[in-house]
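Scroll down for the structure; my scribbles are underneath it.
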Amino acid sequence: MILPSQASFSPSNGRLSGEQVNRAVRRLKDLRGLFADEAAFLAMDPEQIVYEVHAHDACGPVEGGLFFGVSTLFPGKVGQEYFMTKGHIHERRNRGEYYWGIEGRGALVTMNERREATVAVIEPGSLHYVPGNTAHRIANTGNVPLVVGACWPADAGHDYDAIAERGFPVRIVEENGAPVVRNREDE
Ligand code: F6R
Ligand code: ZN
């Protein structure tokens, strides 16, 4: 039997605390090959933390369960490209997910199975539904940590390999001091 389980969530900074909160960090070295400017990437500290994910996943990966997570994506760029998460599609393809902005400013990039992309602005209070069969990633376009909440089906799973080869069709880059969406076909 799965018992109700409790943790604490700070509405101001998104921090999750409690016994059943898992913490994962991703460093620059975990994101190799994702950024356009390979020379800029190699010149940076590979141990630098790019983002952390705190997840309350007490129920385990069961059908009908839900996971709750908070991602904190630090500000920074590789060349002109903003720091971003690795990005994935759910292993169980039809599983959707909610994202919402807590702190900072960024972009939610999605890609459907026809490789069509959408880009939405994430800001405190913005709410985003990512449908099933849709890859997703976030980028931090601001100067402070981007904190984003998420809730997804516990049995969704994360498939990184399916999108690793061709990646997303767009990049979020800085041009003249402001974020713009660049089509990778134009590279
Ligand atoms: C869960 C989800 C988020 C991301 C997190 C890190 O389904 O979408 O919690 O897992 O933002 O991103 P990835 O997993 O792409 O490294
Ligand atoms: Zn997801």
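All residue names refer to the structure tokens as shown: chains lettered A, B, ... in order, residues numbered from 1 in each chain, ligands numbered from 1 in order.
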As JSON, numbers by chain, please: the residues near range 74-91 of chain A (cut-off 8 Å, only C-alpha atoms, same-chain neighbours under 2 positions excluded). {"A": [31, 34, 35, 36, 37, 40, 41, 49, 50, 51, 72, 93, 94, 95, 132, 133, 134, 135, 136, 137, 138, 139, 140, 141, 142, 143, 144, 145, 146, 156, 157, 158, 159, 160, 161, 162, 163, 171, 172, 173, 174, 175]}
Name the residues in contact with Tyr98 in chain A at a cut-off of 7 Å, using only C-alpha atoms, excluding same-chain residues fewer than 3 positions from it; report them as a VMD selection string. chain A and resid 128 to 130 150 to 152
Convert the current residue selection to file output with all heavy atoms, as an mmCIF file, in the first residue's frame.
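Produced file again24.cif, reproduced below:
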data_model
loop_
_atom_site.group_PDB
_atom_site.id
_atom_site.type_symbol
_atom_site.label_atom_id
_atom_site.label_comp_id
_atom_site.auth_asym_id
_atom_site.auth_seq_id
_atom_site.Cartn_x
_atom_site.Cartn_y
_atom_site.Cartn_z
ATOM 1 N N HIS A 128 1.940 26.067 -17.842
ATOM 2 C CA HIS A 128 2.172 25.468 -19.161
ATOM 3 C C HIS A 128 1.784 24.002 -19.137
ATOM 4 O O HIS A 128 2.289 23.244 -18.296
ATOM 5 C CB HIS A 128 3.659 25.567 -19.526
ATOM 6 C CG HIS A 128 4.211 26.942 -19.325
ATOM 7 N ND1 HIS A 128 4.244 27.880 -20.336
ATOM 8 C CD2 HIS A 128 4.728 27.560 -18.229
ATOM 9 C CE1 HIS A 128 4.771 29.009 -19.862
ATOM 10 N NE2 HIS A 128 5.066 28.829 -18.590
ATOM 11 N N TYR A 129 0.947 23.611 -20.068
ATOM 12 C CA TYR A 129 0.621 22.194 -20.206
ATOM 13 C C TYR A 129 1.418 21.620 -21.364
ATOM 14 O O TYR A 129 1.322 22.110 -22.494
ATOM 15 C CB TYR A 129 -0.889 22.008 -20.447
ATOM 16 C CG TYR A 129 -1.242 20.560 -20.635
ATOM 17 C CD1 TYR A 129 -1.053 19.658 -19.589
ATOM 18 C CD2 TYR A 129 -1.718 20.083 -21.853
ATOM 19 C CE1 TYR A 129 -1.340 18.315 -19.754
ATOM 20 C CE2 TYR A 129 -2.020 18.738 -22.020
ATOM 21 C CZ TYR A 129 -1.827 17.866 -20.973
ATOM 22 O OH TYR A 129 -2.105 16.526 -21.134
ATOM 23 N N VAL A 130 2.207 20.621 -21.073
ATOM 24 C CA VAL A 130 2.967 19.932 -22.128
ATOM 25 C C VAL A 130 2.198 18.652 -22.443
ATOM 26 O O VAL A 130 2.104 17.759 -21.589
ATOM 27 C CB VAL A 130 4.389 19.573 -21.638
ATOM 28 C CG1 VAL A 130 5.154 18.825 -22.715
ATOM 29 C CG2 VAL A 130 5.153 20.812 -21.202
ATOM 30 N N ALA A 150 6.942 21.429 -11.554
ATOM 31 C CA ALA A 150 6.449 20.457 -12.535
ATOM 32 C C ALA A 150 5.685 19.349 -11.821
ATOM 33 O O ALA A 150 5.991 19.003 -10.682
ATOM 34 C CB ALA A 150 7.619 19.864 -13.323
ATOM 35 N N CYS A 151 4.681 18.819 -12.500
ATOM 36 C CA CYS A 151 3.966 17.661 -11.982
ATOM 37 C C CYS A 151 3.691 16.734 -13.156
ATOM 38 O O CYS A 151 3.203 17.187 -14.202
ATOM 39 C CB CYS A 151 2.671 18.103 -11.312
ATOM 40 S SG CYS A 151 1.824 16.739 -10.486
ATOM 41 N N TRP A 152 4.053 15.460 -13.020
ATOM 42 C CA TRP A 152 3.956 14.540 -14.151
ATOM 43 C C TRP A 152 3.607 13.137 -13.661
ATOM 44 O O TRP A 152 3.856 12.803 -12.487
ATOM 45 C CB TRP A 152 5.244 14.558 -14.960
ATOM 46 C CG TRP A 152 6.480 14.025 -14.289
ATOM 47 C CD1 TRP A 152 7.024 12.787 -14.459
ATOM 48 C CD2 TRP A 152 7.362 14.708 -13.365
ATOM 49 N NE1 TRP A 152 8.178 12.657 -13.703
ATOM 50 C CE2 TRP A 152 8.398 13.820 -13.015
ATOM 51 C CE3 TRP A 152 7.355 15.993 -12.784
ATOM 52 C CZ2 TRP A 152 9.426 14.168 -12.128
ATOM 53 C CZ3 TRP A 152 8.373 16.326 -11.893
ATOM 54 C CH2 TRP A 152 9.395 15.423 -11.584
#
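Of the listed residues (A:Val170, A:Leu66, A:Val147, A:Ala55), A:Val170 comes nearest to Arg115 in chain A; the distances count only C-alpha atoms.
Of the listed residues A:Ala24, A:Ala154, A:Leu73, A:Ala107, the one whose atoms come nearest to ligand 2 is A:Ala154, with distances taken using only C-alpha atoms and all ligand atoms.
Atom to atom, CA of Asn183 in chain A and CA of Gly106 in chain A stand 17.6 Å apart.
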Would you list the contacts of Asn13 in chain A as JSON, numbers by chain, taking every protein, DNA or RNA residue within 7 Å and counting only C-alpha atoms, but skipping same-chain residues closer than 3 positions in sequence? {"A": [10, 102, 103]}
Write a file of the selected residues as a JSON list (two decimals), in the first residue's frame, keeping N, CA, C and O atoms.
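In the end it all went to part-v4.json:
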[["chain", "number", "residue", "atom", "x", "y", "z"],
["A", 10, "SER", "N", 8.27, 25.72, -0.70],
["A", 10, "SER", "CA", 8.25, 27.16, -0.46],
["A", 10, "SER", "C", 7.68, 27.87, -1.69],
["A", 10, "SER", "O", 8.27, 27.79, -2.77],
["A", 102, "ILE", "N", 7.97, 29.93, -11.22],
["A", 102, "ILE", "CA", 7.98, 30.36, -9.81],
["A", 102, "ILE", "C", 8.85, 31.60, -9.64],
["A", 102, "ILE", "O", 8.45, 32.57, -9.03],
["A", 103, "GLU", "N", 10.03, 31.57, -10.23],
["A", 103, "GLU", "CA", 10.96, 32.68, -10.08],
["A", 103, "GLU", "C", 11.81, 32.78, -11.35],
["A", 103, "GLU", "O", 12.13, 31.75, -11.96]]
For ligand 1, which residue among A:Ala39, A:Val181, A:Val148, A:Cys59 is the nearest when counting only C-alpha atoms and all ligand atoms? A:Val148
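Proximity of A:Glu123, A:Glu187, A:Glu97, A:Asp30 to ligand 2, computed with only C-alpha atoms and all ligand atoms, is greatest for A:Glu97.
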Long-range neighbours of Phe168 in chain A as JSON, numbers by chain, 8 Å cut-off, only C-alpha atoms, 6 positions minimum in chain: {"A": [110, 111, 115, 117]}
Limited to N, CA, C and O atoms, could you put the picked residues into a file as a compact mmCIF listing (two decimals), in the first residue's frame?
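Full text of out_26.txt as output:
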# COMPACT_ATOMS: atom_id res chain seq x y z
N THR A 110 9.17 23.22 -26.77
CA THR A 110 8.61 21.88 -26.98
C THR A 110 8.79 21.48 -28.45
O THR A 110 8.98 22.34 -29.32
N MET A 111 8.69 20.20 -28.67
CA MET A 111 8.79 19.67 -30.04
C MET A 111 7.88 18.45 -30.14
O MET A 111 7.99 17.52 -29.32
N ARG A 115 8.42 17.13 -35.38
CA ARG A 115 9.53 18.06 -35.15
C ARG A 115 9.10 19.52 -35.25
O ARG A 115 9.90 20.41 -35.58
N ALA A 117 8.19 22.90 -33.39
CA ALA A 117 8.54 23.44 -32.08
C ALA A 117 7.58 24.55 -31.65
O ALA A 117 6.98 25.24 -32.49
